[in-house]
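The file my_file.tsv contains TSV, C-alpha atoms:
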```tsv
chain	number	residue	atom	x	y	z
A	1	MET	CA	15.95	-42.53	57.71
A	2	ALA	CA	18.95	-42.81	55.43
A	3	ILE	CA	20.02	-43.76	51.94
A	4	GLU	CA	23.06	-45.90	51.35
A	5	PHE	CA	25.38	-44.18	48.85
A	6	ASN	CA	29.11	-44.77	48.17
A	7	ASN	CA	29.31	-46.85	51.34
A	8	GLN	CA	27.96	-43.92	53.33
A	9	GLN	CA	24.69	-43.37	55.13
A	10	ILE	CA	23.05	-40.19	53.81
A	11	ASP	CA	20.50	-38.88	56.31
A	12	THR	CA	17.01	-38.07	55.11
A	13	ASP	CA	13.76	-37.03	56.73
A	14	SER	CA	10.90	-39.48	57.11
A	15	GLN	CA	9.76	-38.79	53.55
A	16	GLY	CA	13.17	-39.29	51.97
A	17	TYR	CA	14.28	-35.66	51.53
A	18	LEU	CA	17.97	-35.09	52.23
A	19	LEU	CA	18.64	-33.36	55.54
A	20	ASN	CA	21.79	-31.69	54.24
A	21	ILE	CA	21.74	-30.27	50.72
A	22	ASN	CA	25.54	-30.61	50.55
A	23	ASP	CA	25.22	-34.40	50.66
A	24	TRP	CA	23.76	-34.28	47.16
A	25	HIS	CA	25.47	-35.81	44.16
A	26	LYS	CA	24.25	-36.48	40.61
A	27	ASP	CA	24.52	-40.22	41.16
A	28	LEU	CA	22.57	-39.92	44.39
A	29	ALA	CA	19.87	-38.08	42.41
A	30	CYS	CA	19.50	-41.17	40.22
A	31	ILE	CA	19.03	-43.38	43.29
A	32	ILE	CA	16.35	-41.08	44.74
A	33	ALA	CA	14.65	-40.89	41.33
A	34	LYS	CA	14.58	-44.67	41.08
A	35	GLU	CA	12.75	-44.87	44.39
A	36	GLU	CA	10.24	-42.44	42.93
A	37	ASN	CA	9.91	-44.68	39.85
A	38	ILE	CA	11.41	-42.01	37.63
A	39	GLU	CA	14.04	-42.65	34.98
A	40	LEU	CA	15.94	-39.37	34.68
A	41	THR	CA	16.02	-38.01	31.12
A	42	PRO	CA	17.61	-34.72	29.98
A	43	ALA	CA	14.17	-33.12	30.37
A	44	HIS	CA	14.06	-34.22	34.01
A	45	TRP	CA	17.59	-32.98	34.61
A	46	GLU	CA	16.66	-29.58	33.25
A	47	VAL	CA	14.00	-29.22	35.95
A	48	VAL	CA	16.09	-30.83	38.71
A	49	ASN	CA	19.02	-28.51	38.01
A	50	PHE	CA	16.64	-25.59	37.80
A	51	VAL	CA	15.10	-26.18	41.25
A	52	ARG	CA	18.54	-26.70	42.73
A	53	ASP	CA	19.74	-23.38	41.31
A	54	PHE	CA	16.51	-21.78	42.53
A	55	TYR	CA	17.19	-23.00	46.06
A	56	ILE	CA	20.81	-21.89	46.03
A	57	THR	CA	19.81	-18.41	44.83
A	58	TYR	CA	16.67	-17.83	46.88
A	59	LYS	CA	17.19	-20.22	49.84
A	60	THR	CA	13.77	-21.75	49.45
A	61	SER	CA	12.32	-24.74	47.61
A	62	PRO	CA	9.80	-23.46	45.07
A	63	ALA	CA	6.19	-24.61	45.40
A	64	ILE	CA	4.49	-25.57	42.15
A	65	ARG	CA	3.13	-22.16	41.26
A	66	ALA	CA	6.43	-20.39	41.83
A	67	LEU	CA	8.23	-23.18	39.99
A	68	THR	CA	6.13	-22.80	36.85
A	69	LYS	CA	6.44	-19.04	36.93
A	70	ALA	CA	10.21	-19.11	37.34
A	71	LEU	CA	10.56	-21.80	34.63
A	72	LYS	CA	8.49	-19.68	32.29
A	73	ALA	CA	10.84	-16.75	32.74
A	74	GLU	CA	13.80	-19.02	31.91
A	75	TYR	CA	12.53	-21.48	29.29
A	76	GLY	CA	9.22	-20.09	28.04
A	77	GLU	CA	5.64	-21.34	28.19
A	78	GLU	CA	6.15	-24.76	26.64
A	79	LYS	CA	8.29	-26.11	29.49
A	80	ALA	CA	6.48	-24.19	32.20
A	81	ASN	CA	3.00	-25.63	31.98
A	82	SER	CA	1.93	-28.02	34.67
A	83	ARG	CA	0.85	-30.73	32.21
A	84	TYR	CA	4.41	-30.97	30.90
A	85	LEU	CA	5.81	-30.98	34.43
A	86	TYR	CA	3.35	-33.58	35.72
A	87	ARG	CA	4.28	-35.85	32.83
A	88	LEU	CA	7.88	-35.72	34.04
A	89	PHE	CA	7.05	-35.88	37.75
A	90	PRO	CA	3.66	-37.61	38.09
A	91	LYS	CA	3.42	-37.32	41.88
A	92	GLY	CA	3.93	-33.56	41.90
A	93	PRO	CA	6.70	-31.66	40.11
A	94	ALA	CA	7.68	-29.44	43.04
A	95	LYS	CA	7.70	-32.33	45.52
A	96	GLN	CA	9.54	-34.83	43.36
A	97	ALA	CA	11.98	-32.49	41.63
A	98	THR	CA	13.09	-30.97	44.94
A	99	LYS	CA	13.50	-34.41	46.45
A	100	ILE	CA	15.65	-35.60	43.54
A	101	ALA	CA	17.61	-32.33	43.70
A	102	GLY	CA	18.48	-33.00	47.34
A	103	LEU	CA	16.47	-30.06	48.70
A	104	PRO	CA	14.01	-29.73	51.57
A	105	LYS	CA	10.38	-30.37	50.73
A	106	PRO	CA	8.63	-27.14	49.72
A	107	ALA	CA	6.84	-25.93	52.83
A	108	ARG	CA	3.75	-25.10	50.83
A	109	CYS	CA	3.17	-28.63	49.54
A	110	ILE	CA	0.77	-30.78	51.47
B	1	MET	CA	-30.31	-15.99	25.80
B	2	SER	CA	-30.67	-12.25	26.08
B	3	SER	CA	-27.76	-10.13	27.14
B	4	SER	CA	-29.35	-9.21	30.46
B	5	GLN	CA	-29.71	-12.87	31.42
B	6	ASN	CA	-26.16	-13.39	30.36
B	7	SER	CA	-24.80	-10.78	32.67
B	8	ALA	CA	-26.92	-12.08	35.55
B	9	THR	CA	-25.41	-15.54	35.06
B	10	ASN	CA	-21.95	-14.11	34.97
B	11	LEU	CA	-22.53	-12.27	38.21
B	12	GLN	CA	-23.69	-15.44	39.90
B	13	GLU	CA	-20.68	-17.32	38.67
B	14	MET	CA	-18.33	-14.61	39.76
B	15	SER	CA	-19.64	-13.94	43.25
B	16	PRO	CA	-18.00	-16.91	45.04
B	17	ILE	CA	-14.59	-15.97	43.69
B	18	THR	CA	-13.74	-13.29	46.20
B	19	VAL	CA	-10.05	-13.26	46.92
B	20	THR	CA	-9.18	-12.43	50.50
B	21	ARG	CA	-6.76	-9.54	50.76
B	22	TYR	CA	-4.00	-9.98	53.30
B	23	ALA	CA	-1.72	-7.31	54.70
B	24	ILE	CA	1.35	-8.77	56.35
B	25	ILE	CA	3.06	-6.21	58.56
B	26	ASN	CA	6.67	-6.70	59.53
B	27	THR	CA	7.63	-4.73	62.62
B	28	SER	CA	10.60	-6.79	63.84
B	29	ALA	CA	14.30	-6.61	63.07
B	30	PRO	CA	15.58	-9.41	60.78
B	31	PHE	CA	16.79	-11.93	63.35
B	32	ASP	CA	14.51	-10.98	66.23
B	33	ARG	CA	13.62	-14.59	67.13
B	34	LEU	CA	12.01	-16.14	64.05
B	35	LYS	CA	9.47	-13.45	63.33
B	36	GLY	CA	10.83	-12.36	59.96
B	37	LYS	CA	11.14	-15.92	58.70
B	38	GLU	CA	7.67	-16.86	59.95
B	39	SER	CA	6.17	-13.79	58.35
B	40	LEU	CA	7.76	-14.69	55.03
B	41	ASP	CA	6.56	-18.31	55.28
B	42	ALA	CA	3.03	-17.09	55.91
B	43	ALA	CA	3.24	-14.78	52.89
B	44	LEU	CA	4.48	-17.58	50.61
B	45	ILE	CA	1.86	-20.06	51.82
B	46	LEU	CA	-0.98	-17.57	51.32
B	47	ALA	CA	0.33	-16.59	47.90
B	48	SER	CA	0.62	-20.26	46.91
B	49	TYR	CA	-3.12	-20.53	47.52
B	50	GLU	CA	-3.64	-17.51	45.28
B	51	MET	CA	-4.52	-15.12	48.06
B	52	ASP	CA	-3.78	-11.46	47.48
B	53	VAL	CA	-0.82	-10.59	49.70
B	54	SER	CA	0.76	-7.20	50.36
B	55	LEU	CA	3.83	-6.76	52.54
B	56	PHE	CA	4.50	-3.82	54.80
B	57	PHE	CA	7.73	-3.01	56.60
B	58	ILE	CA	7.43	-0.53	59.46
B	59	GLY	CA	9.41	0.31	62.60
B	60	ASN	CA	12.36	-2.03	63.07
B	61	GLY	CA	10.89	-4.14	60.26
B	62	VAL	CA	12.62	-1.83	57.76
B	63	TYR	CA	15.95	-3.37	58.80
B	64	GLN	CA	14.80	-6.55	57.02
B	65	THR	CA	14.77	-4.71	53.71
B	66	GLN	CA	18.40	-3.64	53.76
B	67	ALA	CA	20.89	-5.23	51.37
B	68	ASN	CA	24.13	-7.04	52.21
B	69	GLN	CA	23.15	-8.75	55.44
B	70	GLN	CA	25.16	-11.83	56.21
B	71	ALA	CA	22.76	-14.10	58.03
B	72	GLU	CA	25.03	-17.11	57.76
B	73	SER	CA	27.77	-15.31	59.69
B	74	ILE	CA	25.53	-15.53	62.77
B	75	ALA	CA	24.46	-19.11	61.94
B	76	HIS	CA	21.03	-18.13	60.69
B	77	LYS	CA	19.31	-19.26	57.54
B	78	ASP	CA	19.48	-16.43	55.00
B	79	TYR	CA	15.72	-16.09	54.57
B	80	LEU	CA	16.24	-12.55	53.26
B	81	ALA	CA	17.51	-14.10	50.02
B	82	THR	CA	13.96	-15.34	49.44
B	83	PHE	CA	12.68	-11.75	49.07
B	84	LYS	CA	14.09	-11.82	45.55
B	85	ALA	CA	11.77	-14.73	44.70
B	86	LEU	CA	8.56	-12.95	45.74
B	87	GLU	CA	7.78	-12.06	42.13
B	88	PHE	CA	7.39	-15.78	41.37
B	89	TYR	CA	4.67	-15.91	44.02
B	90	ASP	CA	2.93	-12.85	42.54
B	91	ILE	CA	3.66	-10.80	45.64
B	92	GLU	CA	4.20	-7.43	44.08
B	93	ASP	CA	2.76	-4.90	46.50
B	94	ILE	CA	5.53	-4.09	48.92
B	95	TYR	CA	5.36	-1.00	51.10
B	96	LEU	CA	8.11	0.50	53.21
B	97	CYS	CA	7.57	3.15	55.85
B	98	GLN	CA	9.57	6.18	54.86
B	99	ASP	CA	9.29	7.66	58.37
B	100	SER	CA	10.77	4.49	59.91
B	101	LEU	CA	13.69	4.57	57.45
B	102	THR	CA	14.38	8.22	58.20
B	103	GLU	CA	14.18	7.75	61.98
B	104	ARG	CA	16.84	5.04	61.72
B	105	GLY	CA	19.10	7.01	59.40
B	106	LEU	CA	18.55	4.59	56.51
B	107	ALA	CA	18.40	5.69	52.91
B	108	THR	CA	15.31	5.24	50.77
B	109	ASP	CA	16.69	2.06	49.38
B	110	SER	CA	15.99	-1.64	49.80
B	111	VAL	CA	16.52	-5.09	48.35
B	112	PHE	CA	13.20	-4.70	46.53
B	113	ASP	CA	13.40	-3.27	43.04
B	114	ASP	CA	9.96	-1.75	43.08
B	115	ALA	CA	8.93	-1.19	46.68
B	116	GLN	CA	6.73	1.77	47.42
B	117	TYR	CA	7.84	4.24	50.07
B	118	LEU	CA	4.98	5.69	52.07
B	119	SER	CA	4.64	7.85	55.16
B	120	ALA	CA	3.23	6.31	58.35
B	121	GLU	CA	0.04	8.28	57.71
B	122	GLN	CA	-0.31	6.90	54.19
B	123	ILE	CA	0.17	3.34	55.41
B	124	LYS	CA	-2.45	3.84	58.09
B	125	ALA	CA	-4.86	5.07	55.46
B	126	LEU	CA	-4.19	2.04	53.26
B	127	LEU	CA	-4.77	-0.71	55.85
B	128	PRO	CA	-8.59	-0.60	56.13
B	129	GLN	CA	-8.92	-1.99	52.59
B	130	PHE	CA	-7.49	-5.35	53.67
B	131	ASP	CA	-9.64	-8.23	54.92
B	132	VAL	CA	-6.95	-9.66	57.19
B	133	VAL	CA	-3.98	-7.95	58.82
B	134	LEU	CA	-1.21	-10.13	60.25
B	135	THR	CA	1.54	-8.52	62.30
B	136	PHE	CA	4.89	-10.11	62.97
```
As a first step, turn the structure in this file into structure tokens.
Amino acid sequence: MAIEFNNQQIDTDSQGYLLNINDWHKDLACIIAKEENIELTPAHWEVVNFVRDFYITYKTSPAIRALTKALKAEYGEEKANSRYLYRLFPKGPAKQATKIAGLPKPARCI
Amino acid sequence: MSSSQNSATNLQEMSPITVTRYAIINTSAPFDRLKGKESLDAALILASYEMDVSLFFIGNGVYQTQANQQAESIAHKDYLATFKALEFYDIEDIYLCQDSLTERGLATDSVFDDAQYLSAEQIKALLPQFDVVLTF
């Protein structure tokens, strides 16, 4: 599968995750988000940027539990609870945020 | 309700919640096929399901724990970078075999901030307390 972006075909897996994290661009993130029915707000961007940094540092996409724990260390309890995160990403914060951030799907998400 | 009934109820409620304890033993050098990566994936999956996971590094497995390895220079994914994220998965019990380090001329040092260094004998004594032992 592929996404059309800037007159280029960006390759994705069958579920729409980018195959190459270096293909990612902020504008591409908005296109992926739209397909997920998400309008990106600053609160979304905070999480998207966070998972991208997480991947670049630790070379792995965080599953939900690790994501909330790492967010808690950075931003405190209020932005690290799953209710807050599910409000932003209704179909699963780890799945949707990593997809929008151009990362592979977390291996631990079914 | 009397206190004795109370505690009986609590016991009943608590009994199904037995967390399986996993020991994951790494015996392979970092890029010996995909063993190290697969071992780490298994640890992260189990921890994501709130299993109790302890990691052991023995034999050539201790090479995985050494800092400043450049996986990408041999076209491998740098899965060792993920060791630093283990705390987010609540994997905190990490044991290194001191004897294996010494045999290989490695210092008592690793990428883990709070690993425990045990003799081969001590590790052997520790293993029976685990429900499942996986060796990679």
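With all atoms listed in the file as the atoms that count, the minimum distance from chain A to the choices B:Ile25, B:Leu40, B:Ala81, B:Ile74 is reached by B:Ala81.
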Using all atoms listed in the file, tabulate the residues of chain A lying at most 8 Å from any atom of chain B, each with its closest atom pair and that distance in Å to one decimal, by chain and increasing residue number, as CSV.
```
residue,atom,partner,partner_atom,distance
A:Thr57,CA,B:Ala81,CA,7.1
A:Tyr58,CA,B:Thr82,CA,4.5
A:Lys59,CA,B:Thr82,CA,5.9
A:Thr60,CA,B:Thr82,CA,6.4
A:Ala63,CA,B:Ser48,CA,7.2
A:Arg65,CA,B:Ser48,CA,6.5
A:Ala66,CA,B:Phe88,CA,4.7
A:Leu67,CA,B:Phe88,CA,7.6
A:Lys69,CA,B:Phe88,CA,5.6
A:Ala70,CA,B:Phe88,CA,5.9
A:Ala107,CA,B:Ile45,CA,7.8
A:Arg108,CA,B:Ile45,CA,5.5
```
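Across the structure, CA of Phe56 (chain B) and CA of Ala23 (chain B) are spaced 7.1 Å apart.
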Can you pull out every residue within 10 Å of Ile21 (chain A), counting all atoms listed in the file, but drop anything in the same chain fewer than 2 positions away, and send it as number ranges by chain?
A: 17-19, 23-25, 52, 55-56, 101-104
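Proximity of A:Val47, A:Ile10, A:Met1, A:Cys30 to Thr98 (chain A), computed with all atoms listed in the file, is greatest for A:Val47.
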Return the padded bounding box of region 99-107 of chain A as JSON: axis-aligned, built from all atoms listed in the file, 8 Å added on each side, with centre and edge lengths in Å to one decimal.
```
{"center_x": 12.7, "center_y": -30.8, "center_z": 48.2, "size_x": 27.6, "size_y": 25.7, "size_z": 25.3}
```
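Between CA of Glu4 (chain A) and CA of Asn49 (chain A) lies a distance of 22.3 Å.
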Contact residues around region 119-123 of chain B with only C-alpha atoms at 10 Å, ignoring same-chain residues under 2 positions, as number ranges by chain:
B: 56-59, 95-101, 117, 125-128
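Picture a line from CA of Ile94 (chain B) to CA of Asp113 (chain B); it runs 9.9 Å.
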Fill-in result for region 120-131 of chain B, all heavy atoms as an mmCIF file, keeping the file's coordinate frame:
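Generated output (part-v6.cif):
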```cif
data_model
loop_
_atom_site.group_PDB
_atom_site.id
_atom_site.type_symbol
_atom_site.label_atom_id
_atom_site.label_comp_id
_atom_site.auth_asym_id
_atom_site.auth_seq_id
_atom_site.Cartn_x
_atom_site.Cartn_y
_atom_site.Cartn_z
ATOM 1 N N ALA B 120 4.018 7.079 57.378
ATOM 2 C CA ALA B 120 3.230 6.310 58.350
ATOM 3 C C ALA B 120 1.742 6.606 58.170
ATOM 4 O O ALA B 120 0.900 5.712 58.243
ATOM 5 C CB ALA B 120 3.697 6.636 59.764
ATOM 6 N N GLU B 121 1.437 7.871 57.919
ATOM 7 C CA GLU B 121 0.040 8.280 57.710
ATOM 8 C C GLU B 121 -0.571 7.570 56.500
ATOM 9 O O GLU B 121 -1.694 7.088 56.535
ATOM 10 C CB GLU B 121 -0.037 9.805 57.498
ATOM 11 C CG GLU B 121 -0.050 10.599 58.783
ATOM 12 C CD GLU B 121 -1.222 10.240 59.688
ATOM 13 O OE1 GLU B 121 -2.361 10.161 59.174
ATOM 14 O OE2 GLU B 121 -0.988 10.014 60.885
ATOM 15 N N GLN B 122 0.188 7.529 55.414
ATOM 16 C CA GLN B 122 -0.310 6.900 54.190
ATOM 17 C C GLN B 122 -0.560 5.408 54.399
ATOM 18 O O GLN B 122 -1.534 4.855 53.894
ATOM 19 C CB GLN B 122 0.687 7.104 53.047
ATOM 20 C CG GLN B 122 0.702 8.524 52.493
ATOM 21 C CD GLN B 122 1.841 8.729 51.504
ATOM 22 O OE1 GLN B 122 3.000 8.424 51.802
ATOM 23 N NE2 GLN B 122 1.511 9.244 50.331
ATOM 24 N N ILE B 123 0.346 4.776 55.146
ATOM 25 C CA ILE B 123 0.170 3.340 55.410
ATOM 26 C C ILE B 123 -1.088 3.111 56.241
ATOM 27 O O ILE B 123 -1.888 2.227 55.949
ATOM 28 C CB ILE B 123 1.424 2.766 56.111
ATOM 29 C CG1 ILE B 123 2.586 2.702 55.099
ATOM 30 C CG2 ILE B 123 1.152 1.373 56.687
ATOM 31 C CD1 ILE B 123 3.904 2.229 55.646
ATOM 32 N N LYS B 124 -1.266 3.940 57.246
ATOM 33 C CA LYS B 124 -2.450 3.840 58.090
ATOM 34 C C LYS B 124 -3.728 3.961 57.261
ATOM 35 O O LYS B 124 -4.699 3.233 57.469
ATOM 36 C CB LYS B 124 -2.406 4.976 59.127
ATOM 37 C CG LYS B 124 -3.076 4.670 60.424
ATOM 38 C CD LYS B 124 -2.580 5.656 61.467
ATOM 39 C CE LYS B 124 -3.694 6.200 62.328
ATOM 40 N NZ LYS B 124 -3.227 7.302 63.183
ATOM 41 N N ALA B 125 -3.687 4.843 56.295
ATOM 42 C CA ALA B 125 -4.860 5.070 55.460
ATOM 43 C C ALA B 125 -5.133 3.889 54.522
ATOM 44 O O ALA B 125 -6.261 3.647 54.104
ATOM 45 C CB ALA B 125 -4.672 6.351 54.640
ATOM 46 N N LEU B 126 -4.075 3.151 54.215
ATOM 47 C CA LEU B 126 -4.190 2.040 53.260
ATOM 48 C C LEU B 126 -4.759 0.774 53.913
ATOM 49 O O LEU B 126 -5.455 -0.015 53.283
ATOM 50 C CB LEU B 126 -2.774 1.747 52.736
ATOM 51 C CG LEU B 126 -2.572 1.199 51.336
ATOM 52 C CD1 LEU B 126 -3.288 2.061 50.313
ATOM 53 C CD2 LEU B 126 -1.069 1.152 51.025
ATOM 54 N N LEU B 127 -4.471 0.579 55.204
ATOM 55 C CA LEU B 127 -4.770 -0.710 55.850
ATOM 56 C C LEU B 127 -6.251 -1.112 55.893
ATOM 57 O O LEU B 127 -6.549 -2.299 55.780
ATOM 58 C CB LEU B 127 -4.162 -0.748 57.261
ATOM 59 C CG LEU B 127 -2.629 -0.862 57.258
ATOM 60 C CD1 LEU B 127 -2.093 -0.844 58.687
ATOM 61 C CD2 LEU B 127 -2.168 -2.131 56.548
ATOM 62 N N PRO B 128 -7.190 -0.157 56.040
ATOM 63 C CA PRO B 128 -8.590 -0.600 56.130
ATOM 64 C C PRO B 128 -9.094 -1.372 54.905
ATOM 65 O O PRO B 128 -10.083 -2.077 54.998
ATOM 66 C CB PRO B 128 -9.363 0.716 56.301
ATOM 67 C CG PRO B 128 -8.384 1.650 56.877
ATOM 68 C CD PRO B 128 -7.058 1.273 56.278
ATOM 69 N N GLN B 129 -8.420 -1.268 53.776
ATOM 70 C CA GLN B 129 -8.920 -1.990 52.590
ATOM 71 C C GLN B 129 -8.587 -3.477 52.616
ATOM 72 O O GLN B 129 -9.006 -4.214 51.732
ATOM 73 C CB GLN B 129 -8.413 -1.331 51.314
ATOM 74 C CG GLN B 129 -6.913 -1.274 51.219
ATOM 75 C CD GLN B 129 -6.472 -0.659 49.897
ATOM 76 O OE1 GLN B 129 -6.254 -1.373 48.941
ATOM 77 N NE2 GLN B 129 -6.366 0.653 49.858
ATOM 78 N N PHE B 130 -7.836 -3.929 53.608
ATOM 79 C CA PHE B 130 -7.490 -5.350 53.670
ATOM 80 C C PHE B 130 -8.484 -6.123 54.530
ATOM 81 O O PHE B 130 -9.042 -5.581 55.477
ATOM 82 C CB PHE B 130 -6.075 -5.521 54.224
ATOM 83 C CG PHE B 130 -5.025 -5.006 53.270
ATOM 84 C CD1 PHE B 130 -4.596 -3.693 53.333
ATOM 85 C CD2 PHE B 130 -4.519 -5.823 52.276
ATOM 86 C CE1 PHE B 130 -3.650 -3.199 52.431
ATOM 87 C CE2 PHE B 130 -3.588 -5.349 51.379
ATOM 88 C CZ PHE B 130 -3.156 -4.034 51.454
ATOM 89 N N ASP B 131 -8.713 -7.389 54.153
ATOM 90 C CA ASP B 131 -9.640 -8.230 54.920
ATOM 91 C C ASP B 131 -8.960 -8.760 56.183
ATOM 92 O O ASP B 131 -9.611 -8.945 57.205
ATOM 93 C CB ASP B 131 -10.082 -9.438 54.067
ATOM 94 C CG ASP B 131 -10.769 -8.990 52.792
ATOM 95 O OD1 ASP B 131 -11.723 -8.193 52.895
ATOM 96 O OD2 ASP B 131 -10.336 -9.407 51.698
#
```
